[in-house]
Structures are given as C-alpha cells and as structure tokens.
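Colleague: To start, I am sharing the structure in question, which I have written as structure tokens.
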Amino acid sequence: MRVSPSFCPCACCRNKGMRTRLGCLSHKSDSCSDFTAILPDKPNRALNYLRMYKFTATELQESRRLSTEEATRWADSFDVLLSHKYGVAAFRAFLKTEFSEENLEFWLACEEFKKTRSTAKLVSKAHRIFEEFVDVQAPREVNIDFQTREATRKNMQEPSLTCFDQAQGKVHSLMEKDSYPRFLRSKMYLDLLSQSQRRLS
C-alpha cells in the first residue's frame, strides 16, 4: 500500500497533530471570541470550549441563562464578581489565558477553608493549602511577598480559621488591582455582554 507523504495513518502521528492543534487553541486569549463559542447552541463549539477551559456542563448551561444585568454588575466591584458563581467561572477562564489561575484557586480554597468546623480536618486542610499554594516552589505557588509567606508558615504551627487571612488578602488585592481591570477590558467579557444583550433583542 502506497502512503501519501503528507499523510501518516499511525495513531502516534494523528495524536501528535491533534496535540499541536489543541496547543495552538490553548494559547489564544483575547484574540478569540471565547464566550461566543459557547453561548450559541452549537454542541461541537461548546465541547471545544469545555476542553480548552474545563468548564462543567452546569456552567455552560448557566452561561445561557446569564442576564445582561448580572454580567454588567460584575463591573461594579471585584467582590460583586466573586459573589456570582458564573462570574467566578468566567474570571477563572480569563486567568487561565494569562496562566495565573492559581491566585483565584487559592482565594477560593481559603474561603472554603473558613467553613471548616472539625479541628482535625482544619489542621490537615491548612497544611494541604500551604503546600499547594504558599510554600516556596509549591505546585501552584501564589505571588506573595517573603514576609507574608513566612508569617503564614509560622501560622502552620497552630492552624486556625484565620491562618491564611494575610496571604488571602494580598492575593485578593493583587487580582483586584491587576487581573480584574484586564478582565473587564477583555474581548472575553465584552463578548459575553454582547451575547446576553442579543438574547434580549
């Protein structure tokens, strides 16, 4: 059987080509209409968006119910954005395009940590969060200063519900002053507003 030089049927080459195409997609950010890809009822495009940003089916469904008023309110303040479930999901998708989603994940982990009622679970959760986000060369190390990192390390000796407050506050301030304004200016957010307005017209 003669094989064309431009085509190789083996699984290895096919997978390599697919990884290349997905790699190109993953590096697109404001240059692509991220939310317009999921808001219309086009399953293939929605599936591609799921793969790129790991959105859940529930979050995709919520995006179709999102009102213009809700999306517009995200610009009122950073805390308003964080109080809205889909606002958090949209902001996470944006941060992934900037490779800085660890900041939001840490903030959310701290919020969940504060709900802990079991003393035994509190200690294990505290150390898990510290090792995941705060420690030097942690897998998803957040951008905080040396003093804050060391103060948090000291808090690990006797973990409490407030042991991450200083670090969480620093990360919140960083996102509010840096990433949040860029999110509001991004094509991703503007497309989302545009799509929600079209559904009303």
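Chain lettering (A, B, ...) mirrors the order of the structure tokens, residue numbering begins at 1 for each chain separately, and ligand numbering begins at 1 in order of display.
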What's the 12 Å shell around Glu101 of chain A, counting only C-alpha atoms, without same-chain residues fewer than 2 positions away, as a PDB file with C-alpha atoms, in the first residue's frame?
Modeller:
ATOM      1  CA  TYR A  53     -11.127  25.867  29.827  1.00  0.00           C
ATOM      2  CA  VAL A  88     -16.078  33.291  39.202  1.00  0.00           C
ATOM      3  CA  ALA A  89     -16.152  30.724  36.379  1.00  0.00           C
ATOM      4  CA  ALA A  90     -15.706  33.428  33.731  1.00  0.00           C
ATOM      5  CA  PHE A  91     -12.889  35.096  35.663  1.00  0.00           C
ATOM      6  CA  ARG A  92     -11.179  31.711  36.084  1.00  0.00           C
ATOM      7  CA  ALA A  93     -11.360  31.136  32.323  1.00  0.00           C
ATOM      8  CA  PHE A  94      -9.759  34.541  31.745  1.00  0.00           C
ATOM      9  CA  LEU A  95      -6.989  33.884  34.284  1.00  0.00           C
ATOM     10  CA  LYS A  96      -6.180  30.620  32.518  1.00  0.00           C
ATOM     11  CA  THR A  97      -5.383  32.592  29.381  1.00  0.00           C
ATOM     12  CA  GLU A  98      -2.874  34.543  31.493  1.00  0.00           C
ATOM     13  CA  PHE A  99      -1.565  31.433  33.272  1.00  0.00           C
ATOM     14  CA  ASN A 103      -4.414  33.136  42.537  1.00  0.00           C
ATOM     15  CA  LEU A 104      -8.163  32.623  42.246  1.00  0.00           C
ATOM     16  CA  GLU A 105      -7.915  28.948  43.196  1.00  0.00           C
ATOM     17  CA  PHE A 106      -6.029  29.898  46.365  1.00  0.00           C
ATOM     18  CA  TRP A 107      -8.589  32.574  47.261  1.00  0.00           C
ATOM     19  CA  LEU A 108     -11.436  30.096  46.768  1.00  0.00           C
ATOM     20  CA  PHE A 133      -0.179  27.366  47.105  1.00  0.00           C
ATOM     21  CA  ARG A 140       0.629  26.338  42.267  1.00  0.00           C
ATOM     22  CA  GLU A 141       2.652  28.924  44.145  1.00  0.00           C
ATOM     23  CA  VAL A 142       0.892  32.289  44.510  1.00  0.00           C
ATOM     24  CA  ASN A 143       2.625  35.632  44.168  1.00  0.00           C
ATOM     25  CA  VAL A 171      -3.768  37.771  46.657  1.00  0.00           C
ATOM     26  CA  MET A 175      -6.181  40.278  41.476  1.00  0.00           C
ATOM     27  CA  SER A 179      -6.169  40.942  36.657  1.00  0.00           C
TER      28      SER A 179
END
Colleague: For Thr72 of chain A, which of A:Arg182, A:His172, A:Lys125, A:His84 is the closest residue, counting only C-alpha atoms?
Modeller: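 So, comparing all the options, the nearest one is A:His84.
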Colleague: Identify, on the basis of only C-alpha atoms, every residue whose closest approach to Arg149 of chain A does not exceed 9 Å; exclude the query and any residue fewer than 2 positions from it along the same chain; express the result as an NGL selection string.
Modeller: :A and (134-136 or 144-147 or 151-154 or 167)
Colleague: Taking all heavy atoms for each residue, export the selection above as a compact mmCIF listing (two decimals), in the first residue's frame.
Modeller:
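Result written to result.txt:
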# COMPACT_ATOMS: atom_id res chain seq x y z
N VAL A 134 1.25 28.11 48.95
CA VAL A 134 2.02 29.12 49.67
C VAL A 134 3.51 28.80 49.78
O VAL A 134 4.36 29.69 49.65
CB VAL A 134 1.44 29.34 51.09
CG1 VAL A 134 2.21 30.44 51.81
CG2 VAL A 134 -0.04 29.69 51.01
N ASP A 135 3.84 27.58 50.02
CA ASP A 135 5.23 27.20 50.24
C ASP A 135 6.09 27.54 49.03
O ASP A 135 5.59 27.62 47.90
CB ASP A 135 5.33 25.70 50.53
CG ASP A 135 6.58 25.34 51.31
OD1 ASP A 135 7.33 26.27 51.68
OD2 ASP A 135 6.80 24.16 51.57
N VAL A 136 7.38 27.76 49.26
CA VAL A 136 8.30 28.05 48.16
C VAL A 136 8.33 26.87 47.20
O VAL A 136 8.43 25.71 47.61
CB VAL A 136 9.72 28.32 48.71
CG1 VAL A 136 10.70 28.54 47.56
CG2 VAL A 136 9.71 29.52 49.64
N ILE A 144 3.12 36.16 46.49
CA ILE A 144 3.07 36.96 47.72
C ILE A 144 4.49 37.27 48.18
O ILE A 144 5.44 36.59 47.80
CB ILE A 144 2.30 36.23 48.85
CG1 ILE A 144 2.90 34.84 49.11
CG2 ILE A 144 0.82 36.13 48.53
CD1 ILE A 144 2.24 34.10 50.26
N ASP A 145 4.64 38.30 49.01
CA ASP A 145 5.95 38.71 49.46
C ASP A 145 6.51 37.75 50.52
O ASP A 145 5.77 36.94 51.11
CB ASP A 145 5.90 40.14 50.02
CG ASP A 145 4.92 40.26 51.16
OD1 ASP A 145 5.32 40.03 52.31
OD2 ASP A 145 3.73 40.57 50.91
N PHE A 146 7.80 37.86 50.76
CA PHE A 146 8.50 36.97 51.68
C PHE A 146 7.92 37.05 53.09
O PHE A 146 7.72 36.02 53.75
CB PHE A 146 9.99 37.34 51.70
CG PHE A 146 10.78 36.56 52.72
CD1 PHE A 146 11.19 35.26 52.47
CD2 PHE A 146 11.10 37.14 53.95
CE1 PHE A 146 11.92 34.55 53.41
CE2 PHE A 146 11.84 36.43 54.90
CZ PHE A 146 12.24 35.13 54.64
N GLN A 147 7.65 38.26 53.57
CA GLN A 147 7.14 38.43 54.93
C GLN A 147 5.80 37.73 55.12
O GLN A 147 5.56 37.06 56.14
CB GLN A 147 7.02 39.92 55.27
CG GLN A 147 8.33 40.64 55.47
CD GLN A 147 9.00 41.02 54.15
OE1 GLN A 147 8.41 40.84 53.07
NE2 GLN A 147 10.22 41.54 54.23
N ALA A 151 5.07 34.57 57.55
CA ALA A 151 4.05 34.72 58.59
C ALA A 151 3.03 33.59 58.49
O ALA A 151 2.58 33.03 59.51
CB ALA A 151 3.36 36.07 58.45
N THR A 152 2.68 33.24 57.26
CA THR A 152 1.74 32.14 57.04
C THR A 152 2.37 30.81 57.44
O THR A 152 1.70 29.94 58.02
CB THR A 152 1.30 32.09 55.56
OG1 THR A 152 0.81 33.38 55.16
CG2 THR A 152 0.21 31.05 55.36
N ARG A 153 3.66 30.66 57.16
CA ARG A 153 4.36 29.45 57.56
C ARG A 153 4.33 29.28 59.08
O ARG A 153 4.12 28.19 59.61
CB ARG A 153 5.81 29.48 57.07
CG ARG A 153 6.58 28.17 57.32
CD ARG A 153 8.07 28.36 57.06
NE ARG A 153 8.32 28.85 55.72
CZ ARG A 153 8.32 28.09 54.62
NH1 ARG A 153 8.08 26.78 54.73
NH2 ARG A 153 8.56 28.62 53.44
N LYS A 154 4.52 30.38 59.79
CA LYS A 154 4.50 30.35 61.25
C LYS A 154 3.11 29.97 61.76
O LYS A 154 2.96 29.28 62.77
CB LYS A 154 4.92 31.71 61.81
CG LYS A 154 5.13 31.74 63.31
CD LYS A 154 5.68 33.09 63.75
CE LYS A 154 7.08 33.34 63.18
NZ LYS A 154 7.66 34.61 63.69
N ALA A 167 -2.31 36.25 53.73
CA ALA A 167 -1.95 35.83 52.37
C ALA A 167 -3.14 35.97 51.43
O ALA A 167 -3.00 36.43 50.29
CB ALA A 167 -1.46 34.38 52.39
Colleague: Separation of atom CA of Glu111 of chain A and atom CA of Thr68 of chain A, in Å?
Modeller: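 Atom CA of Thr68 of chain A lies 27.3 Å from atom CA of Glu111 of chain A.
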Colleague: Residues within 9 Å of Met156 of chain A, please, as a list in words. Count only C-alpha atoms; anything in the same chain fewer than 6 positions from it doesn't count.
Modeller: Val123, Ala126, His127, Phe130 and Cys163 of chain A
Colleague: If I take atom CA of Gly87 of chain A and atom CA of Arg73 of chain A, how far is one from the other in Å, to one decimal?
Modeller: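 Going from atom CA of Gly87 of chain A over to atom CA of Arg73 of chain A covers 9.7 Å.
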Colleague: So which one's closest to Lys115 of chain A, A:Leu193, A:Ile129, A:Leu161, A:Leu174? Using only C-alpha atoms, please.
Modeller: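 Among A:Leu193, A:Ile129, A:Leu161, A:Leu174, it is A:Leu161 that comes nearest to Lys115 of chain A.
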Colleague: What are the DSSP alpha helix (DSSP H) residues of segment 81-150 of chain A, as a PyMOL selection string?
Modeller: chain A and resi 81-83+85-97+101-113+119-129+146-150
Colleague: Please produce a file of the residues just selected, as a short mmCIF file (atom, residue, chain, number, x, y, z; two decimals), in the first residue's frame, where the atoms kept are N, CA and C atoms.
Modeller:
data_model
loop_
_atom_site.label_atom_id
_atom_site.label_comp_id
_atom_site.auth_asym_id
_atom_site.auth_seq_id
_atom_site.Cartn_x
_atom_site.Cartn_y
_atom_site.Cartn_z
N LEU A 81 -18.18 40.50 41.48
CA LEU A 81 -17.82 39.43 40.54
C LEU A 81 -17.61 38.12 41.29
N LEU A 82 -16.88 38.17 42.41
CA LEU A 82 -16.58 36.96 43.17
C LEU A 82 -17.81 36.36 43.85
N SER A 83 -18.85 37.17 44.03
CA SER A 83 -20.06 36.68 44.69
C SER A 83 -20.99 35.95 43.73
N LYS A 85 -21.56 33.03 41.00
CA LYS A 85 -20.98 31.73 40.65
C LYS A 85 -20.41 31.73 39.24
N TYR A 86 -21.19 32.23 38.27
CA TYR A 86 -20.68 32.21 36.91
C TYR A 86 -19.65 33.32 36.69
N GLY A 87 -19.73 34.37 37.48
CA GLY A 87 -18.69 35.40 37.41
C GLY A 87 -17.34 34.82 37.77
N VAL A 88 -17.32 33.97 38.80
CA VAL A 88 -16.08 33.29 39.20
C VAL A 88 -15.60 32.38 38.08
N ALA A 89 -16.52 31.64 37.46
CA ALA A 89 -16.15 30.72 36.38
C ALA A 89 -15.58 31.48 35.19
N ALA A 90 -16.19 32.63 34.85
CA ALA A 90 -15.71 33.43 33.73
C ALA A 90 -14.34 34.03 34.04
N PHE A 91 -14.17 34.51 35.26
CA PHE A 91 -12.89 35.10 35.66
C PHE A 91 -11.80 34.03 35.66
N ARG A 92 -12.14 32.81 36.09
CA ARG A 92 -11.18 31.71 36.08
C ARG A 92 -10.73 31.41 34.65
N ALA A 93 -11.70 31.39 33.72
CA ALA A 93 -11.36 31.14 32.32
C ALA A 93 -10.40 32.20 31.80
N PHE A 94 -10.65 33.45 32.17
CA PHE A 94 -9.76 34.54 31.74
C PHE A 94 -8.37 34.37 32.34
N LEU A 95 -8.29 34.05 33.63
CA LEU A 95 -6.99 33.88 34.28
C LEU A 95 -6.20 32.74 33.66
N LYS A 96 -6.88 31.73 33.17
CA LYS A 96 -6.18 30.62 32.52
C LYS A 96 -5.47 31.09 31.26
N THR A 97 -6.05 32.07 30.57
CA THR A 97 -5.38 32.59 29.38
C THR A 97 -4.13 33.37 29.76
N GLU A 101 -4.27 31.37 37.08
CA GLU A 101 -5.49 30.93 37.77
C GLU A 101 -5.23 30.47 39.19
N GLU A 102 -3.94 30.22 39.54
CA GLU A 102 -3.64 29.77 40.90
C GLU A 102 -4.03 30.80 41.95
N ASN A 103 -4.02 32.09 41.58
CA ASN A 103 -4.41 33.14 42.54
C ASN A 103 -5.88 32.99 42.95
N LEU A 104 -6.74 32.80 41.96
CA LEU A 104 -8.16 32.62 42.25
C LEU A 104 -8.41 31.30 42.97
N GLU A 105 -7.72 30.25 42.55
CA GLU A 105 -7.92 28.95 43.20
C GLU A 105 -7.51 29.01 44.67
N PHE A 106 -6.45 29.74 44.97
CA PHE A 106 -6.03 29.90 46.37
C PHE A 106 -7.08 30.67 47.15
N TRP A 107 -7.58 31.75 46.58
CA TRP A 107 -8.59 32.57 47.26
C TRP A 107 -9.83 31.73 47.56
N LEU A 108 -10.26 30.95 46.59
CA LEU A 108 -11.44 30.10 46.77
C LEU A 108 -11.17 29.00 47.81
N ALA A 109 -9.96 28.45 47.80
CA ALA A 109 -9.61 27.43 48.78
C ALA A 109 -9.66 28.00 50.19
N CYS A 110 -9.22 29.25 50.35
CA CYS A 110 -9.26 29.90 51.67
C CYS A 110 -10.70 30.14 52.12
N GLU A 111 -11.57 30.53 51.18
CA GLU A 111 -12.97 30.74 51.51
C GLU A 111 -13.62 29.44 51.98
N GLU A 112 -13.29 28.35 51.30
CA GLU A 112 -13.84 27.04 51.68
C GLU A 112 -13.25 26.59 53.02
N PHE A 113 -11.98 26.88 53.22
CA PHE A 113 -11.29 26.50 54.45
C PHE A 113 -11.95 27.14 55.68
N THR A 119 -11.82 20.26 63.99
CA THR A 119 -10.44 20.64 64.31
C THR A 119 -9.44 19.76 63.59
N ALA A 120 -9.72 18.48 63.55
CA ALA A 120 -8.82 17.53 62.88
C ALA A 120 -8.71 17.84 61.39
N LYS A 121 -9.85 18.10 60.75
CA LYS A 121 -9.85 18.43 59.33
C LYS A 121 -9.20 19.78 59.07
N LEU A 122 -9.38 20.71 60.01
CA LEU A 122 -8.81 22.05 59.85
C LEU A 122 -7.29 21.98 59.71
N VAL A 123 -6.64 21.21 60.55
CA VAL A 123 -5.18 21.10 60.52
C VAL A 123 -4.71 20.49 59.20
N SER A 124 -5.34 19.40 58.78
CA SER A 124 -4.92 18.74 57.54
C SER A 124 -5.19 19.63 56.32
N LYS A 125 -6.32 20.32 56.32
CA LYS A 125 -6.65 21.22 55.20
C LYS A 125 -5.67 22.38 55.14
N ALA A 126 -5.31 22.93 56.30
CA ALA A 126 -4.38 24.06 56.35
C ALA A 126 -3.03 23.69 55.73
N HIS A 127 -2.52 22.54 56.11
CA HIS A 127 -1.23 22.11 55.58
C HIS A 127 -1.32 21.79 54.08
N ARG A 128 -2.45 21.26 53.66
CA ARG A 128 -2.62 20.95 52.25
C ARG A 128 -2.64 22.24 51.41
N ILE A 129 -3.34 23.26 51.88
CA ILE A 129 -3.39 24.54 51.17
C ILE A 129 -2.01 25.20 51.16
N PHE A 146 7.80 37.86 50.76
CA PHE A 146 8.50 36.97 51.68
C PHE A 146 7.92 37.05 53.09
N GLN A 147 7.65 38.26 53.57
CA GLN A 147 7.14 38.43 54.93
C GLN A 147 5.80 37.73 55.12
N THR A 148 4.92 37.88 54.13
CA THR A 148 3.60 37.24 54.21
C THR A 148 3.73 35.72 54.16
N ARG A 149 4.62 35.24 53.32
CA ARG A 149 4.83 33.80 53.21
C ARG A 149 5.34 33.21 54.53
N GLU A 150 6.30 33.91 55.14
CA GLU A 150 6.86 33.41 56.39
C GLU A 150 5.88 33.52 57.55
#
Colleague: Counting only C-alpha atoms, figure out which residue out of A:Gln157, A:Ser67, A:Gln166, A:Ser100 gets nearest to Tyr180 of chain A.
Modeller: A:Ser100
